[in-house]
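Working notes, structure below.
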Amino acid sequence: MTTQFPPGIQLEKEDERIMTLNIGPQHPGSGHMRLIIKVDGDYIVSCDPDPGYVHRGEEKMAEHRNYLLNIPHLERPVIHDSCNILYPYCLAVEELLGTEVPERAKYIRVIASELNRCVYTMYWLGIYGIFLGHSTMFMWPMADRELLIDLLEAMTGARVTHSFFIPGGVRNDVPPNFEDRVLRQLSYFEKRLKEYEDIFYQNPVLKSRTEGTGILSREDAIRLGVTGSVLRSAGVDFDLRKKEPYDVYDNIDFETQVLKEGDSYARSRVPYLDMLESCNIIRDALTKMPTSGSVRVKLKPNPKGSADEVYRRVESGRGSLGMYLVSNGTPQPYRLKISVGSFRNIICLPYLLKGELLGNMPAVYWSLNYWPVEADR
Amino acid sequence: MSTIAPKFRLGHFIASLTDNIFWGVVLFTLIGLPIVFIVLFLIELPEIDGKLLSPYLAVTYIADPSRTLPIIQSLIQTDFFKIVAFPGFGFAALIAGATIFIERKFLAKIQLRPGPFYCGKVEGILQLMADGLKLISKEIIIPAKADKPIFWAAPVLFVATAAAFVSLIPVAPGWVVADLDVGLIAVFAIIGFFPIITILVSWAANSKFPFIGGIRALHQMVSFEIPLILSLLGIVILTGTLNLSEIVASQAGIWWIVFLPIGAIVFFISILAELERIPFDLPEAESEIVAGWLTEFSGMMYGLVQLGSYVKLYAFAGLFVTLFLGGWHGPMVVPPFPEEIITEGITMGPISIKIPGLPLFSQEMLNGTLWFVIKTMGVIMVILLPRGVFPRIRIDLLLHVGWYKLIGLCFLNLFIALGLIYGGVLGPEGFIQ
Amino acid sequence: MGSSNSTKKPAKARPKTKRKASKKTKRKATKKIKPKTSKKTKPEVAETKPEVAETKIEVAETKPEVAETKPEVVETKPEVAEKQVPEKKPTEDLPKFEKSIADRIVSSFGTKAEIGYIRPNRIRINTKKEDIVEIAKYIRDELKFDHAESVSGVDYPDSKEIEVVYHLGSYTDPQLSKQILTLATRVPREDVPNPGKDNTRMSSLRDVFFSVEFHERECFEMLGVFFEGHPDNRRLLLPEDWADLPPLRKDFRIKGR
């Protein structure tokens with residue numbers, strides 16, 4: 001075939017230049033998913049994300065358990081952001097059952113949810129660091145994350161799978177002296193975040209290789225329906241904590257972090273700025289929290305909702321996380337659809353990767369704030 | 001009941017042991033001894049105390065401790081020892097091992113963690129040995145459609161090339177394996193082998209990720225070899241020689257890094273790229289192409305490549321020291337060998353022993369080696385440092401740096417060197433020399 | 001020798017355990033067989049379906065009408081609307097902004113669009129599957145809802161329908177950022193599904209809302225609703241060789257539940 005032509009100079013078919021790469025599911029740069037990437041030289045021609053390697057049918061499982069039994073398995077998709085994935089579920093079930101949550105429980109929920117957001121983002125940041133070959137940025141967040149996990153352990157009793165939020169409040173009250181401990185930990189945490197800024201975000205090599213890669217324009221971001229940090233880095237000011245304040249977020253002073261560039265650098269920076277903002281939220285919530293009071297409403301055993309449907313959403317670490325709960329009057333949900341941020345963000349990956357260098361693939365891919373297990377549910 | 005060895009009998013076990021011993025003795029007498037004698041016959045044996053060292057004499061000398069040292073001394077002077085042990089491969093491998101240990105602890109300290117901690121009780125000093133044992137005991141898997149002879153040969157070739165590179169580095173005055181008049185040219189020639197090996201491996205592995213990694217390595221090494229060579233031209237102009245030992249000798253007063261800092265910086269960056277160290281580790285970029293051209297290596301084949309790359313690291317650091325940091329030069333810190341031991345011997349109570357052949361190494365050699373090792377380790381530390389600080393660079397930026405910026409700086413460096421000569425600062429009529 | 005011993009022991013033990021097990025597990029085994037067969041062999045699915053339908057009716061007695069009024073989509077919808085009627089009567093309770101949006105849709109489409117419910121921040125519009133693209137275009141262009149948050153399918157085996165629910169939101173209009181517009185339609189459901197080739201299909205909204213691309217793919221594999229006009233109707237989460245029922249249908253049983 002190619003005997004007439006010296007190889008590499010002129011090829012008989014255009015296709016022969018193209019090489020298909022299977023990035024994943026067994027690949028250090030893929031997570032639990034597969035990206036079928038076609039490259040022409042070092043340029044990506046097309047990308048086809050193929051999730052589903054960790055699909056476990058959470059939605060089907062939820063149809064066979066009652067509202068309380070659903071809690072432990074629903075947090076499995078994102079074990080390091082488990083409070084936030086249970087949040088919309090609890091809100092939806094409360095709306096369905098007509099339960100009113102005590103004031104103190106709402107504040108505890110906000111604190112736990114923000115702490116968990118930091119835990120998740122630290123994990124994400126560590127992996128982003130090692131994806132770019134920055135091993136220090138892998139080790140530091142992983143170590144500093146432990147301190148926040150310790151806080152959550154003192155609060156909930158478990159390190160990652162907390163099962164802390166339940167319909168009607170939270171499972172238990174915070175331990176004594178919790179406030180001091182949180183404040184001490186937060187001041188250390190903020191000090192460390194400043195150092196991350198120095199070594200990672202202001203790093204000239206990092207800036208040179210992530211700035212201007214994988215640009216998602218504002219219009220495309222809206223059209224593709226992305227969410228969370230990906231959306232906010234493209235210049236759309238949309239944070240559900242501000243826009244649709246659930247629980248007590250309307251009482252708390254904070255700002256949403258929006259960047260305009262829409263490139264990988266901005267996408268990776270928004271979660272970091274969110275963490276700084278989370279510290280403020282926790283501080284504010286601690287001052288405004290009622291000092292005493294019950295933290296949960298006892299539900300009836302095996303509660304039944306009316307035949308109705310509810311859609312509730314919260315801002316999780318990866319963006320809007322919605323739960324669509326349909327009930328037919330039985331103790332089990334008739335249908336529970338989980339609409340997760342990861343799944344909505346991965347839609348834009350083929351468009352971002354087209355025409356990029358292969359070396360940009362990890363930077364663009366992981367800057368989408370993507371968690372494969374959550375996307376697969 | 002577990003049946004690990006179902007047919008175990010103690011008698012059989014003992015019989016097998018005796019069997020093995022018997023066959024060992026038989027094979028040694030039939031094959032080993034003749035080989036030893038043939039080798040001894042062929043080797044040009046040294047003369048000691050006016051007598052030619054025959055095998056018989058050697059055996060008697062070994063039995064007498066006072067006569068052992070001359071043999072060792074004569075052995076040290078042979079090329080074989082130089083290649084295998086001291087300035088050659090053994091020394092380099094030792095420093096490579098030390099480098100791996102230092103890298104791990106050093107990086108761990110940057111990243112606020114203890115690093116290797118348990119193996120060997122003291123700060124995980126035996127971790128490397130454990131890793132080596134693990135690699136040796138692992139199965140070697142070769143891709144089914146690989147080009148097997150090349151694939152097998154590649155790790156060995158890689159280590160051999162690195163060892164050849166080491167042989168050109170002068171460690172102490174007179175202590176160099178190959179003291180060539182074209183030493184620097186030989187260095188460039190040997191460096192040129194590495195991209196060939198990587199591209200051979202990546203083609204022979206017949207797999208996609210090694211292929212991309214090999215192509216990347218080829219691009220990177222070729223584009224950085226040019227600034228690497230050009231940055232050293234300044235030194236060649238100033239010294240007027242290509243012999244590495246003479247270049248070191250010319251730095252007795254002032255090191256070349258003082259006059260040619262730009263050349264040193266360019267050379268250092270090119271070293272990082274040639275070594276595939278972290279800002280430039282694209283050929284092994286983990287998150288993009290698994291392990292690059294090393295993807296299909298397993299077990300000790302991977303271990304050999306790693307050994308080779310660390311030996312290469314030592315060689316490049318040594319080259320930097322040789323060319324820019326004054327090689328073995330440094331203040332005399334090693335105390336002179338006590339005179340009375342040579343003249344009067346060691347007296348221990350009533351007995352006094354006079355040992356011929358002392359001192360084994362001269363004072364200059366020990367001092368030079370010490371300074372060389374200190375400087376080399378310093379350079380190695382600086383080479384390791386970016387790994388804790390920088391992320392990986394992208395291929396287009398890398399090529400841009402190599403072809404535009406570094407080559408431009410090289411010419412600037414060249415002009416500085418010429419200016420130093422024509423300005424009368426250096427050179428035969430300059431006021432410094 | 002040692003090896004021969006080790007093999008003998010289990011050989012002796014085997015018959016004993018068999019006898020015991022066979023006695024004990026006979027009842028269980030017969031029970032377990034049913035769900036297995038219902039999954040894998042298609043002709044039997046049809047046989048087991050009546051049972052499923054019966055049990056559903058017994059449990060869900062609150063909605064007996066749904067089972068009876070099988071004929072068409074149109075007839076079920078008024079009931080849903082009627083249910084909301086008691087809530088509607090104190091009209092001051094209805095949030096004004098949401099009502100204005102819903103009224104705009106109803107006024108421009110008349111009987112094609114039907115208000116499911118109006119609650120704070122949530123509006124539900126029911127349509128027929130033929131009209132959904134038209135209404136979705138109107139919602140996008142006139143009402144400024146610009147993206148879909150999720151596409152969920154809900155299986156209603158009693159009324160032989162699958163409901164496809166689009167949750168639409170808006171990023172551009174700050175007034176609408178709280179709102180979720182639920183656009184629902186129903187497609188016919190077949191007892192023996194043949195995803196992609198049977199009657200369970202509707203036109204895709206991908207040309208209207210780009211963001212439904214993966215969601216519709218997921219809905220296709222999980223419930224067998226084929227979206228006509230979708231450019232990429234492949235499996236997403238399930239393995240490529242999945243030959244069973246679409247797993248989120250109600251007649252796909254989980255073992256032990």
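Starting from 1 in every chain, residues are counted up; chains themselves are A, B, ... following the order of the structure tokens, and ligands are numbered from 1 as listed.
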Set out as CSV a contact list for chain A and chain C with a cut-off of 7 Å, giving each residue of chain A that qualifies its closest atom pair and distance in Å to one decimal, counting only C-alpha atoms, ordered by chain and rising residue number.
```
residue,atom,partner,partner_atom,distance
A:Asp50,CA,C:Leu236,CA,6.5
A:Pro51,CA,C:Leu237,CA,5.8
A:Gly52,CA,C:Leu237,CA,3.8
A:His55,CA,C:Leu237,CA,6.5
A:Lys60,CA,C:Leu248,CA,6.1
A:His64,CA,C:Arg257,CA,6.9
A:Ile222,CA,C:Tyr171,CA,6.5
A:Arg223,CA,C:Phe210,CA,6.0
A:Leu224,CA,C:Ser211,CA,4.5
A:Gly225,CA,C:Ser211,CA,5.1
A:Phe238,CA,C:Tyr171,CA,6.8
A:Lys243,CA,C:Lys178,CA,6.0
A:Glu244,CA,C:Lys178,CA,5.2
A:Arg335,CA,C:Val154,CA,6.5
A:Lys337,CA,C:Ser152,CA,6.3
A:Ser339,CA,C:Ser150,CA,5.7
A:Ile347,CA,C:Phe214,CA,6.7
A:Asp376,CA,C:Leu237,CA,6.6
```
**Request:** Compute the chain B side of the contact with chain A at 8 Å, counting only C-alpha atoms, and hand it back as an NGL selection string.
**Result:** :B and (110-112 or 208 or 278 or 285-288 or 290 or 387-395 or 397)
**Prompt:** So how many Å separate atom CA of B:Pro195 and atom CA of B:Val171, to one decimal?
**Reply:** 26.5 Å
**Request:** Excluding A:Glu63 and any residue of its chain fewer than 4 positions from it, enumerate the residues within 10 Å of it, using only C-alpha atoms, and give them as an MDAnalysis selection string.
**Result:** (chainID A and resid 58:59 67 70 326:327 331:336) or (chainID C and resid 248 250)
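For stretch 23-247 of chain B, backbone-based DSSP assignment of strand (DSSP E or B) covers Glu47, Ile48, Lys51, Leu52, Ala172 and Trp175 of chain B.
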**Message:** Could you list, as JSON, numbers by chain, every residue within 10 Å of C:Pro231, counting only C-alpha atoms and ignoring same-chain residues fewer than 6 positions away?
**Reply:** {"C": [204, 206, 207, 213, 217]}
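The smallest atom-to-atom distance between chain C and any of B:Ile226, B:Phe101, B:Ala85, B:Pro6, using only C-alpha atoms, is found for B:Pro6.
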**Item:** Closest of C:Glu142, C:Leu183, C:Tyr117, C:Lys255 to A:Met61 - atom-to-atom distances counting only C-alpha atoms
**Value:**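 Selected residue with least distance to A:Met61: C:Lys255.
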**Asked** To one decimal place, how far is atom CA of A:Leu96 from atom CA of A:Val310 in Å?
**Response** 6.8 Å
**Prompt:** In Å, how far is it from atom CA of B:Leu275 to atom CA of B:Lys312?
**Reply:** 7.3 Å
